[in-house]
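So this one's protein.txt, compact mmCIF, C-alpha atoms:
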# COMPACT_ATOMS: atom_id res chain seq x y z
CA MET A 11 0.00 0.00 0.00
CA LEU A 12 1.32 3.43 -0.88
CA SER A 13 1.75 6.12 1.75
CA LEU A 14 -1.15 8.58 1.71
CA SER A 15 1.13 11.46 2.65
CA LYS A 16 3.52 10.61 -0.20
CA ILE A 17 0.60 10.58 -2.65
CA ARG A 18 -0.42 14.04 -1.42
CA GLU A 19 3.11 15.42 -1.66
CA ASN A 20 4.15 13.77 -4.97
CA THR A 21 0.89 13.23 -6.81
CA ASP A 22 2.13 13.91 -10.35
CA ALA A 23 5.31 11.84 -9.98
CA ILE A 24 3.47 8.87 -8.42
CA GLN A 25 0.69 9.00 -11.01
CA LYS A 26 3.28 8.98 -13.78
CA ARG A 27 5.19 6.02 -12.30
CA VAL A 28 2.01 4.02 -11.61
CA SER A 29 0.84 4.59 -15.19
CA LEU A 30 3.97 2.74 -16.37
CA LYS A 31 2.29 -0.43 -15.07
CA GLY A 32 -0.61 0.24 -17.42
CA GLU A 33 -2.87 1.43 -14.60
CA ASP A 34 -5.13 4.45 -15.11
CA ILE A 35 -5.76 5.70 -11.57
CA ASP A 36 -7.95 8.78 -11.01
CA PHE A 37 -5.83 10.48 -8.37
CA SER A 38 -7.87 13.72 -8.54
CA SER A 39 -11.01 11.98 -7.26
CA PHE A 40 -8.95 10.18 -4.64
CA LEU A 41 -7.42 13.44 -3.40
CA LYS A 42 -10.83 15.15 -3.28
CA LEU A 43 -12.01 12.45 -0.90
CA ASP A 44 -8.89 12.93 1.18
CA GLU A 45 -9.42 16.72 1.27
CA GLN A 46 -13.04 16.29 2.34
CA HIS A 47 -11.97 13.88 5.06
CA ARG A 48 -9.35 16.26 6.43
CA LYS A 49 -11.84 19.16 6.45
CA LEU A 50 -14.29 17.03 8.40
CA LEU A 51 -11.60 16.13 10.92
CA THR A 52 -10.83 19.84 11.38
CA GLU A 53 -14.52 20.58 11.94
CA ILE A 54 -14.79 17.73 14.43
CA ASN A 55 -11.72 18.91 16.35
CA ASP A 56 -13.02 22.50 16.44
CA LEU A 57 -16.39 21.33 17.77
CA ARG A 58 -14.68 19.14 20.39
CA ALA A 59 -12.62 22.13 21.50
CA GLU A 60 -15.82 24.22 21.71
CA ARG A 61 -17.48 21.49 23.77
CA ASN A 62 -14.50 21.31 26.11
CA ARG A 63 -14.58 25.07 26.68
CA ALA A 64 -18.33 24.89 27.29
CA SER A 65 -17.85 22.04 29.77
CA GLU A 66 -15.48 24.21 31.80
CA LYS A 67 -17.97 27.10 31.65
CA ILE A 68 -20.81 24.82 32.80
CA ALA A 69 -18.70 23.54 35.71
CA ASN A 70 -17.86 27.10 36.80
CA VAL A 71 -21.51 28.20 36.57
CA LYS A 72 -22.64 25.23 38.66
CA ARG A 73 -19.93 25.84 41.28
CA SER A 74 -21.18 29.44 41.66
CA GLY A 75 -24.78 28.25 41.98
CA GLY A 76 -25.91 29.53 38.57
CA ASN A 77 -28.16 27.98 35.93
CA ALA A 78 -26.29 26.33 32.99
CA ALA A 79 -29.32 24.68 31.35
CA GLU A 80 -29.15 26.78 28.18
CA THR A 81 -25.46 26.01 27.67
CA ILE A 82 -26.03 22.30 28.36
CA THR A 83 -28.81 22.17 25.73
CA ALA A 84 -26.57 23.91 23.21
CA MET A 85 -23.75 21.46 23.88
CA ARG A 86 -26.05 18.50 23.40
CA LYS A 87 -26.71 19.78 19.91
CA VAL A 88 -22.96 20.16 19.39
CA GLY A 89 -22.49 16.56 20.56
CA GLU A 90 -25.07 15.35 18.07
CA GLN A 91 -23.32 17.33 15.34
CA ILE A 92 -19.99 15.75 16.28
CA LYS A 93 -21.49 12.25 16.09
CA SER A 94 -22.97 13.00 12.67
CA LEU A 95 -19.67 14.35 11.35
CA GLU A 96 -17.75 11.37 12.81
CA THR A 97 -20.06 8.97 10.96
CA GLU A 98 -19.48 10.92 7.74
CA ALA A 99 -15.72 10.93 8.36
CA ASP A 100 -15.71 7.16 8.95
CA GLU A 101 -17.53 6.59 5.66
CA LEU A 102 -15.03 8.79 3.81
CA ARG A 103 -12.11 6.99 5.46
CA GLU A 104 -13.49 3.66 4.25
CA LYS A 105 -13.81 5.03 0.71
CA ILE A 106 -10.22 6.32 0.83
CA HIS A 107 -8.97 2.98 2.17
CA SER A 108 -10.86 1.06 -0.54
CA ALA A 109 -9.41 3.35 -3.20
CA ILE A 110 -5.79 3.21 -2.00
CA GLU A 111 -5.72 -0.57 -1.57
CA VAL A 112 -6.18 -1.12 -5.33
CA ILE A 113 -3.43 1.32 -6.34
CA PRO A 114 -0.35 -0.70 -7.41
CA ASN A 115 3.15 -0.19 -6.11
CA VAL A 116 5.35 2.36 -7.85
CA PRO A 117 8.08 0.89 -10.11
CA HIS A 118 11.61 1.66 -8.96
CA GLU A 119 13.50 4.21 -11.05
CA SER A 120 15.93 1.53 -12.28
CA VAL A 121 13.13 -0.59 -13.81
CA PRO A 122 13.24 -0.65 -17.65
CA LEU A 123 10.39 1.04 -19.49
CA GLY A 124 8.04 -1.15 -21.50
CA ASN A 125 4.50 -2.43 -21.83
CA SER A 126 4.82 -6.21 -21.90
CA GLU A 127 7.20 -9.15 -21.52
CA LYS A 128 8.56 -8.34 -24.98
CA ASP A 129 10.21 -5.29 -23.41
CA ASN A 130 11.92 -7.21 -20.59
CA LYS A 131 15.71 -7.04 -20.42
CA VAL A 132 18.02 -10.07 -20.49
CA VAL A 133 20.57 -9.45 -17.74
CA ARG A 134 22.71 -12.59 -18.15
CA GLU A 135 22.75 -16.24 -19.19
CA TRP A 136 24.46 -19.15 -17.50
CA GLY A 137 25.62 -22.42 -19.04
CA GLU A 138 24.97 -23.72 -22.54
CA LYS A 139 21.92 -25.16 -24.25
CA PRO A 140 22.02 -28.98 -24.20
CA ALA A 141 22.91 -30.43 -27.60
CA PHE A 142 21.57 -33.78 -28.81
CA ASP A 143 22.51 -35.92 -31.83
CA TYR A 144 19.30 -37.93 -31.55
CA THR A 145 15.57 -37.24 -31.51
CA ILE A 146 14.60 -36.14 -28.02
CA LYS A 147 11.36 -36.60 -26.08
CA ASP A 148 9.43 -33.94 -24.23
CA HIS A 149 8.74 -34.22 -20.50
CA VAL A 150 5.26 -35.69 -21.04
CA GLU A 151 6.65 -38.54 -23.17
CA LEU A 152 9.51 -39.13 -20.74
CA GLY A 153 7.20 -39.08 -17.72
CA SER A 154 4.80 -41.51 -19.37
CA SER A 155 7.45 -43.98 -20.54
CA LEU A 156 9.31 -43.89 -17.19
CA GLN A 157 6.05 -43.89 -15.21
CA LEU A 158 6.95 -40.72 -13.32
CA PHE A 159 3.49 -39.12 -13.40
CA ASP A 160 0.00 -39.95 -14.59
CA PHE A 161 -2.08 -37.05 -15.92
CA GLU A 162 -5.02 -39.21 -17.00
CA ARG A 163 -5.59 -40.59 -13.51
CA SER A 164 -4.98 -37.20 -11.87
CA ALA A 165 -7.66 -35.68 -14.14
CA LYS A 166 -10.03 -38.45 -13.03
CA ILE A 167 -9.35 -37.53 -9.40
CA SER A 168 -9.26 -33.73 -9.49
CA GLY A 169 -9.62 -32.48 -13.06
CA SER A 170 -6.90 -31.00 -15.24
CA GLY A 171 -4.01 -29.10 -13.74
CA PHE A 172 -3.49 -31.28 -10.65
CA PRO A 173 -0.46 -33.55 -11.23
CA LEU A 174 -0.21 -37.09 -9.87
CA PHE A 175 3.43 -38.12 -9.32
CA ILE A 176 4.13 -41.83 -8.96
CA GLY A 177 7.15 -44.03 -8.20
CA GLN A 178 10.43 -42.39 -9.09
CA GLY A 179 8.54 -39.26 -10.17
CA ALA A 180 7.17 -38.80 -6.64
CA LYS A 181 10.62 -39.44 -5.23
CA LEU A 182 12.17 -36.91 -7.63
CA GLU A 183 9.63 -34.28 -6.56
CA ARG A 184 10.40 -34.88 -2.89
CA ALA A 185 14.13 -34.93 -3.62
CA LEU A 186 13.99 -31.53 -5.34
CA ILE A 187 12.13 -29.98 -2.41
CA ASN A 188 14.53 -31.39 0.19
CA PHE A 189 17.61 -30.52 -1.86
CA MET A 190 16.52 -26.89 -2.27
CA LEU A 191 15.59 -26.44 1.38
CA ASP A 192 18.88 -27.96 2.54
CA TYR A 193 20.84 -25.80 0.10
CA HIS A 194 19.29 -22.56 1.36
CA LEU A 195 19.78 -23.63 4.97
CA ASP A 196 23.37 -24.82 4.61
CA HIS A 197 24.74 -22.31 2.09
CA HIS A 198 22.63 -19.19 2.67
CA LYS A 199 21.75 -19.59 6.37
CA TYR A 200 17.99 -19.13 6.02
CA THR A 201 15.61 -20.14 8.80
CA GLU A 202 13.23 -22.90 7.70
CA ILE A 203 9.48 -22.41 8.03
CA PHE A 204 6.73 -24.96 7.47
CA PRO A 205 3.68 -22.70 7.11
CA PRO A 206 -0.06 -23.39 7.02
CA PHE A 207 -1.52 -23.75 3.53
CA LEU A 208 -4.82 -22.07 4.46
CA VAL A 209 -4.92 -18.42 5.51
CA ARG A 210 -7.33 -15.70 6.57
CA SER A 211 -8.08 -12.89 4.11
CA SER A 212 -5.71 -10.53 5.95
CA ALA A 213 -2.71 -12.57 4.78
CA PRO A 214 -3.24 -12.32 0.99
CA PHE A 215 -4.31 -8.70 1.52
CA THR A 216 -0.87 -7.97 2.99
CA CYS A 217 0.85 -9.50 -0.03
CA GLY A 218 -1.41 -7.78 -2.57
CA GLN A 219 -3.47 -10.71 -3.86
CA LEU A 220 -6.60 -9.27 -2.24
CA PRO A 221 -8.85 -7.58 -3.03
CA LYS A 222 -7.87 -7.15 -6.68
CA PHE A 223 -7.02 -10.75 -7.60
CA ALA A 224 -9.55 -12.69 -5.55
CA GLU A 225 -10.77 -14.57 -8.64
CA ASP A 226 -7.34 -16.17 -9.07
CA MET A 227 -7.43 -17.78 -5.62
CA TYR A 228 -9.21 -20.83 -4.22
CA TYR A 229 -11.59 -19.83 -1.41
CA ILE A 230 -13.28 -22.03 1.19
CA GLU A 231 -16.44 -20.06 1.89
CA LYS A 232 -17.62 -22.08 4.89
CA ASP A 233 -14.40 -21.43 6.81
CA GLU A 234 -13.57 -18.05 5.21
CA LEU A 235 -10.06 -19.27 4.37
CA TYR A 236 -7.96 -19.04 1.20
CA LEU A 237 -5.62 -21.71 -0.17
CA ILE A 238 -2.23 -20.10 -0.55
CA PRO A 239 -0.89 -19.31 -4.05
CA THR A 240 2.66 -19.33 -2.65
CA ALA A 241 4.42 -19.67 0.72
CA GLU A 242 5.15 -15.95 0.43
CA VAL A 243 1.65 -15.32 1.80
CA PRO A 244 1.86 -17.05 5.20
CA VAL A 245 5.58 -16.37 5.70
CA THR A 246 5.33 -12.62 4.99
CA ASN A 247 2.53 -12.43 7.56
CA ILE A 248 4.56 -14.04 10.33
CA HIS A 249 5.44 -10.52 11.52
CA MET A 250 2.09 -8.84 10.77
CA ASP A 251 1.34 -6.09 13.35
CA GLU A 252 4.80 -6.46 14.90
CA ILE A 253 7.71 -4.11 15.53
CA LEU A 254 11.08 -5.79 14.89
CA ASP A 255 14.45 -4.65 16.23
CA GLU A 256 16.83 -3.30 13.59
CA GLN A 257 19.63 -5.44 15.05
CA ASP A 258 17.58 -8.54 14.16
CA LEU A 259 17.39 -7.58 10.47
CA PRO A 260 17.65 -8.98 7.92
CA LYS A 261 15.36 -11.88 8.71
CA ASN A 262 15.69 -14.60 6.07
CA TYR A 263 13.13 -17.39 5.83
CA THR A 264 12.78 -20.31 3.44
CA ALA A 265 9.70 -22.50 3.23
CA TYR A 266 8.25 -25.35 1.23
CA SER A 267 4.56 -25.28 0.40
CA ALA A 268 2.07 -26.64 -2.03
CA CYS A 269 0.69 -23.74 -4.11
CA PHE A 270 -2.85 -23.39 -5.45
CA ARG A 271 -3.87 -21.09 -8.32
CA ARG A 272 -7.18 -21.08 -10.16
CA GLU A 273 -5.75 -19.16 -13.14
CA ALA A 274 -4.18 -21.70 -15.47
CA GLY A 275 -3.73 -19.69 -18.66
CA SER A 276 -4.94 -20.50 -22.13
CA TYR A 277 -5.82 -23.92 -23.42
CA GLY A 278 -3.54 -25.85 -25.73
CA LYS A 279 0.09 -26.84 -25.68
CA GLU A 280 1.02 -24.26 -23.03
CA THR A 281 -1.00 -26.25 -20.50
CA ARG A 282 0.38 -29.70 -21.43
CA GLY A 283 1.83 -31.74 -18.61
CA LEU A 284 3.61 -29.64 -16.01
CA LEU A 285 3.89 -26.43 -18.01
CA ARG A 286 0.97 -24.68 -16.28
CA VAL A 287 -0.94 -26.25 -13.41
CA HIS A 288 -3.40 -25.38 -10.64
CA GLN A 289 -1.42 -27.12 -7.88
CA PHE A 290 2.35 -27.29 -7.64
CA ASN A 291 5.23 -27.37 -5.16
CA LYS A 292 7.65 -24.56 -4.50
CA VAL A 293 10.43 -23.58 -2.14
CA GLU A 294 10.18 -19.89 -1.27
CA MET A 295 12.61 -17.35 0.16
CA VAL A 296 11.30 -14.32 2.10
CA LYS A 297 13.34 -11.43 3.48
CA PHE A 298 12.56 -8.65 5.98
CA VAL A 299 15.20 -5.94 5.63
CA THR A 300 15.91 -2.25 6.26
CA PRO A 301 14.98 0.20 3.48
CA GLU A 302 18.62 1.13 2.96
CA SER A 303 19.67 -2.44 2.23
CA SER A 304 16.72 -3.75 0.23
CA TYR A 305 18.15 -3.46 -3.29
CA LYS A 306 21.42 -5.04 -2.25
CA GLU A 307 19.35 -7.82 -0.67
CA LEU A 308 17.39 -8.22 -3.92
CA GLU A 309 20.57 -8.97 -5.86
CA LEU A 310 21.57 -11.43 -3.14
CA LEU A 311 18.16 -13.09 -3.33
CA VAL A 312 18.52 -13.57 -7.10
CA SER A 313 21.95 -15.13 -6.63
CA HIS A 314 20.48 -17.62 -4.14
CA ALA A 315 17.88 -18.75 -6.65
CA GLU A 316 20.56 -18.93 -9.37
CA ALA A 317 22.70 -21.15 -7.15
CA ILE A 318 19.99 -23.84 -7.25
CA LEU A 319 19.95 -23.89 -11.05
CA GLN A 320 23.74 -23.80 -11.29
CA THR A 321 24.11 -26.69 -8.85
CA LEU A 322 21.66 -28.70 -10.98
CA GLY A 323 23.63 -27.78 -14.11
CA LEU A 324 20.65 -26.27 -15.95
CA HIS A 325 20.98 -23.62 -18.62
CA TYR A 326 19.12 -20.49 -17.54
CA ARG A 327 18.88 -16.75 -17.97
CA VAL A 328 18.00 -13.81 -15.69
CA ILE A 329 15.38 -11.34 -16.92
CA GLU A 330 14.78 -7.85 -15.52
CA LEU A 331 11.07 -7.13 -15.87
CA CYS A 332 9.94 -3.89 -17.47
CA ALA A 333 7.43 -1.65 -15.69
CA GLY A 334 4.48 -2.92 -17.71
CA ASP A 335 5.21 -6.55 -16.78
CA LEU A 336 5.67 -5.99 -13.03
CA SER A 337 3.20 -7.49 -10.61
CA PHE A 338 0.74 -5.36 -8.66
CA SER A 339 2.90 -5.26 -5.50
CA ALA A 340 6.45 -5.29 -6.88
CA ALA A 341 8.71 -2.25 -7.19
CA LYS A 342 11.32 -4.30 -9.04
CA CYS A 343 11.50 -7.93 -10.17
CA TYR A 344 13.86 -10.40 -11.81
CA ASP A 345 12.64 -13.64 -13.41
CA LEU A 346 14.79 -16.75 -13.78
CA GLU A 347 14.02 -18.87 -16.84
CA VAL A 348 15.41 -22.33 -17.62
CA TRP A 349 15.80 -23.71 -21.12
CA SER A 350 13.43 -26.45 -22.24
CA PRO A 351 15.08 -28.45 -25.08
CA ALA A 352 11.87 -30.16 -26.26
CA GLU A 353 9.66 -27.07 -25.99
CA ASN A 354 12.55 -25.10 -27.51
CA LYS A 355 11.87 -22.10 -25.29
CA TRP A 356 12.54 -20.51 -21.91
CA LEU A 357 10.38 -21.45 -18.93
CA GLU A 358 10.03 -19.24 -15.85
CA VAL A 359 10.92 -21.04 -12.61
CA SER A 360 11.49 -18.11 -10.26
CA SER A 361 10.48 -14.51 -9.65
CA CYS A 362 12.52 -12.43 -7.21
CA SER A 363 10.87 -9.19 -6.14
CA ASN A 364 11.47 -6.18 -3.93
CA TYR A 365 8.19 -4.77 -2.63
CA GLU A 366 9.87 -1.97 -0.65
CA ASP A 367 7.39 -0.97 2.11
CA PHE A 368 4.26 -1.75 0.04
CA GLN A 369 3.44 -5.05 1.76
CA ALA A 370 4.72 -3.87 5.14
CA ARG A 371 2.21 -1.01 5.16
CA ARG A 372 -0.63 -3.37 4.32
CA GLY A 373 0.46 -5.80 7.06
CA ASN A 374 1.71 -3.15 9.54
CA ILE A 375 5.20 -4.67 9.74
CA ARG A 376 7.66 -2.21 11.24
CA TYR A 377 11.10 -2.08 12.84
CA ARG A 378 12.66 0.09 15.53
CA LYS A 379 15.79 1.94 14.48
CA SER A 380 18.85 1.46 16.67
CA SER A 381 20.04 5.05 16.21
CA ASN A 382 16.98 6.97 17.43
CA HIS A 383 14.48 4.26 18.48
CA LYS A 384 11.91 5.59 15.99
CA THR A 385 9.83 3.10 14.03
CA ASP A 386 9.58 2.71 10.27
CA PHE A 387 8.21 0.12 7.87
CA VAL A 388 10.51 -2.73 6.83
CA HIS A 389 11.08 -3.62 3.20
CA THR A 390 9.94 -7.10 2.19
CA LEU A 391 11.36 -9.29 -0.57
CA ASN A 392 10.56 -12.75 -1.81
CA GLY A 393 11.81 -15.13 -4.44
CA SER A 394 11.10 -18.64 -5.66
CA GLY A 395 13.94 -20.87 -4.72
CA VAL A 396 12.52 -22.52 -6.88
CA ALA A 397 9.16 -23.83 -8.22
CA THR A 398 9.31 -27.51 -9.20
CA PRO A 399 7.00 -28.04 -12.24
CA ARG A 400 8.99 -26.31 -14.97
CA LEU A 401 12.22 -27.14 -13.18
CA THR A 402 11.25 -30.80 -13.60
CA VAL A 403 10.43 -30.19 -17.27
CA ALA A 404 13.89 -28.73 -17.91
CA LEU A 405 15.64 -31.36 -15.82
CA LEU A 406 14.01 -34.37 -17.53
CA GLU A 407 14.50 -32.98 -21.04
CA SER A 408 18.07 -31.75 -20.48
CA TYR A 409 19.35 -34.96 -18.88
CA GLN A 410 17.60 -37.54 -21.08
CA THR A 411 19.63 -40.30 -22.72
CA PRO A 412 19.27 -41.90 -26.19
CA ASP A 413 17.54 -44.94 -24.66
CA GLY A 414 14.85 -42.80 -22.98
CA LYS A 415 16.27 -42.75 -19.48
CA VAL A 416 17.14 -39.65 -17.43
CA ILE A 417 20.46 -39.02 -15.68
CA VAL A 418 20.01 -37.60 -12.17
CA PRO A 419 22.20 -34.51 -11.52
CA LYS A 420 24.99 -35.31 -9.08
CA ALA A 421 23.66 -32.95 -6.38
CA LEU A 422 20.31 -34.76 -6.42
CA GLN A 423 21.61 -38.32 -6.40
CA PRO A 424 21.84 -38.62 -2.57
CA TYR A 425 18.20 -37.49 -2.35
CA VAL A 426 16.86 -39.70 -5.16
CA GLY A 427 19.03 -42.69 -4.26
CA THR A 428 19.98 -43.47 -7.86
CA GLU A 429 22.08 -42.09 -10.70
CA VAL A 430 19.52 -42.77 -13.41
CA LEU A 431 15.72 -42.69 -13.67
CA GLY A 432 14.43 -45.70 -15.55

Show this structure as structure tokens.
Amino acid sequence: MLSLSKIRENTDAIQKRVSLKGEDIDFSSFLKLDEQHRKLLTEINDLRAERNRASEKIANVKRSGGNAAETITAMRKVGEQIKSLETEADELREKIHSAIEVIPNVPHESVPLGNSEKDNKVVREWGEKPAFDYTIKDHVELGSSLQLFDFERSAKISGSGFPLFIGQGAKLERALINFMLDYHLDHHKYTEIFPPFLVRSSAPFTCGQLPKFAEDMYYIEKDELYLIPTAEVPVTNIHMDEILDEQDLPKNYTAYSACFRREAGSYGKETRGLLRVHQFNKVEMVKFVTPESSYKELELLVSHAEAILQTLGLHYRVIELCAGDLSFSAAKCYDLEVWSPAENKWLEVSSCSNYEDFQARRGNIRYRKSSNHKTDFVHTLNGSGVATPRLTVALLESYQTPDGKVIVPKALQPYVGTEVLG
């Protein structure tokens, strides 16, 4: 959530930056509501001051044995006026809150200009594209022949978009999750979290999924709980309504969770197999940091996600998202994309974002400065470290052999318990 005072003081600059995300926000109407609200508050305060002065006058009159009935009657009318204005002010405050909560975060000045993913900037590539001197299979063919997953039976159970891993496929999925968690714990010193997968509406509100993107989430109406789209949601809310000590920052958390998303994209080849699903597994990284360090921490976060792909020996690239392709809450974001040999294209496996104080304001997450003991909002960051579906696609296709088997990357072999699948 943006700061109301900053919107007042920098309206033109904020409106210009927000428009880079393709959002047409009517700031003039918003500011008129804010002006009306502030005028009402002034009126209310003036009337309260008048009532206080009258109360002193009434007390003095009574002490001297006089009659204060006329003044008391007048003040009752003032009290009724105050109540009426307070109700009006509360209604305006709700309108202002509803308006500000759907205004997206402002893109950072370093974010490239552009309207869509076509305008994103390639920052770097790592490794080389796998080369084959034989006809290769895609991940669906490999998974079927090696009996790693069964999409027909999973559709029978839950419908499309809910994978069913079996045998070595299930073990590979578990191995990837454990490997990534252990790597972040051992090499990057994160604290592991195992969060709940169902959350109250306040949690996705903090992260920016609500209210604007409610249709993309699974909702259990009877219990008024949402299935999480990512572990970012419960983990970011660990410190909701808390004041942290600056000396305890940064706080670095990593968490595994199942992720649930109703939006599954267009029909066709893009949704085949594991390319785009409603339920998937992901290891997440979440950071709570000081404002001064947040962009340094963002680069560090990206490097931690890259380390997973490098250790698995997968060819990937880092993309800096343009303003028009940024998410609602992000001020800056990098995507990591792995190469899929059979699809012959890049597949996103991680997004690493700096939200600055946008989420912290929505969740009231602050820290106390060591220098002057004043409080300020933390900056929050999160990154996939990483999501398994497209990672599995790239892994199976990149490490396949001429006889249809799949070599297990060396780092994964202790977790899978074999050097080859099949």

Nearest residue to Glu127 of chain A out of A:Lys420, A:Arg376, A:Lys306, A:Lys31, using all atoms listed in the file?
A:Lys31

Point out the residue among A:Asn374, A:Gly179, A:Lys16, A:Ser65 with the least atom-to-atom distance to Gly432 of chain A, counting all atoms listed in the file.
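The closest residue to Gly432 of chain A is A:Gly179.
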
How many Å lie between atom CA of Ser126 of chain A and atom CA of Asn291 of chain A, rounded to one decimal?
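These two atoms are separated by 27.0 Å.
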
Enter the distance from atom CA of Ile318 of chain A to atom CA of His194 of chain A, in Å, rounded to one decimal.
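Calculated distance between atom CA of Ile318 of chain A and atom CA of His194 of chain A is 8.7 Å.
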
Could you pull the residues within 12 Å of Asp36 of chain A, counting all atoms listed in the file, minus those fewer than 3 positions along the same chain, as a ChimeraX atom specification?
/A:21-22,24-26,28-29,33,39-43,109-110,112-113

Find the residues near Ile417 of chain A: any atom within 10 Å, counting all atoms listed in the file, skip ones fewer than 3 places away on the same chain, and give them as a PDB file with C-alpha atoms, keeping the file's coordinate frame.
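The resulting file, selection08.pdb, is shown below:
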ATOM      1  CA  LEU A 405      15.640 -31.360 -15.820  1.00  0.00           C
ATOM      2  CA  LEU A 406      14.010 -34.370 -17.530  1.00  0.00           C
ATOM      3  CA  SER A 408      18.070 -31.750 -20.480  1.00  0.00           C
ATOM      4  CA  TYR A 409      19.350 -34.960 -18.880  1.00  0.00           C
ATOM      5  CA  GLN A 410      17.600 -37.540 -21.080  1.00  0.00           C
ATOM      6  CA  THR A 411      19.630 -40.300 -22.720  1.00  0.00           C
ATOM      7  CA  GLY A 414      14.850 -42.800 -22.980  1.00  0.00           C
ATOM      8  CA  LYS A 420      24.990 -35.310  -9.080  1.00  0.00           C
ATOM      9  CA  GLN A 423      21.610 -38.320  -6.400  1.00  0.00           C
ATOM     10  CA  THR A 428      19.980 -43.470  -7.860  1.00  0.00           C
ATOM     11  CA  GLU A 429      22.080 -42.090 -10.700  1.00  0.00           C
ATOM     12  CA  VAL A 430      19.520 -42.770 -13.410  1.00  0.00           C
ATOM     13  CA  LEU A 431      15.720 -42.690 -13.670  1.00  0.00           C
ATOM     14  CA  GLY A 432      14.430 -45.700 -15.550  1.00  0.00           C
TER      15      GLY A 432
END

May I have the protein, DNA and RNA residues with an atom at most 8 Å from (25.1, -22.5, -15.2), counting only C-alpha atoms in the file's coordinates, returned as a ChimeraX atom specification?
/A:135-138,319-321,323-326

Need to verify the contact set: Ala404 of chain A, 8 Å, all atoms listed in the file, exclusion of same-chain residues closer than 6 positions in sequence. Can you return it as a PDB file with C-alpha atoms, in the frame of the given file?
ATOM      1  CA  HIS A 149       8.740 -34.220 -20.500  1.00  0.00           C
ATOM      2  CA  LEU A 324      20.650 -26.270 -15.950  1.00  0.00           C
ATOM      3  CA  VAL A 348      15.410 -22.330 -17.620  1.00  0.00           C
ATOM      4  CA  TRP A 349      15.800 -23.710 -21.120  1.00  0.00           C
ATOM      5  CA  SER A 350      13.430 -26.450 -22.240  1.00  0.00           C
ATOM      6  CA  PRO A 351      15.080 -28.450 -25.080  1.00  0.00           C
TER       7      PRO A 351
END

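Nearest residue to Leu308 of chain A among A:Glu231, A:Glu60, A:Glu366, A:Glu273 is A:Glu366, counting all atoms listed in the file.
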
Which residues, written as a list of chain:residue names, have at least one atom at most 12 Å from Leu186 of chain A, with all atoms listed in the file counted and residues fewer than 6 positions away on the same chain left out?
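Counting only the stated atoms, we get A:Gly179, A:Ala180, A:Asp192, A:Tyr193, A:Tyr266, A:Asn291, A:Lys292, A:Val293, A:Ile318, A:Leu319, A:Thr321, A:Leu322, A:Gly395, A:Val396, A:Ala397, A:Thr398, A:Pro399, A:Leu401, A:Thr402, A:Leu405, A:Val418, A:Pro419, A:Ala421, A:Leu422, A:Gln423, A:Pro424, A:Tyr425, A:Val426.
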
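You can rank A:Ser360, A:Thr240, A:Asn262, A:Ser155 by their closest distance to Arg327 of chain A using all atoms listed in the file, and at the top of that list sits A:Ser360.
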
Pairwise distance for atom CA of Asp129 of chain A and atom CA of Cys332 of chain A, rounded to one decimal in Å:
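For atom CA of Asp129 of chain A relative to atom CA of Cys332 of chain A, the distance reads 6.1 Å.
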
Compile the contact shell of Lys87 of chain A as JSON, numbers by chain: residues with an atom at most 12 Å away, counting all atoms listed in the file, same-chain residues fewer than 5 positions apart removed.
{"A": [57, 60, 61, 80, 81, 82, 92, 93, 94]}

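Minimum distance to Ala213 of chain A across A:Asn130, A:Asn20, A:Asn188, A:Gln369 (counting all atoms listed in the file) occurs at A:Gln369.
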
Counting all atoms listed in the file, closest pick from A:Cys217, A:Ala78, A:Cys362, A:Leu357 relative to Leu284 of chain A is A:Leu357
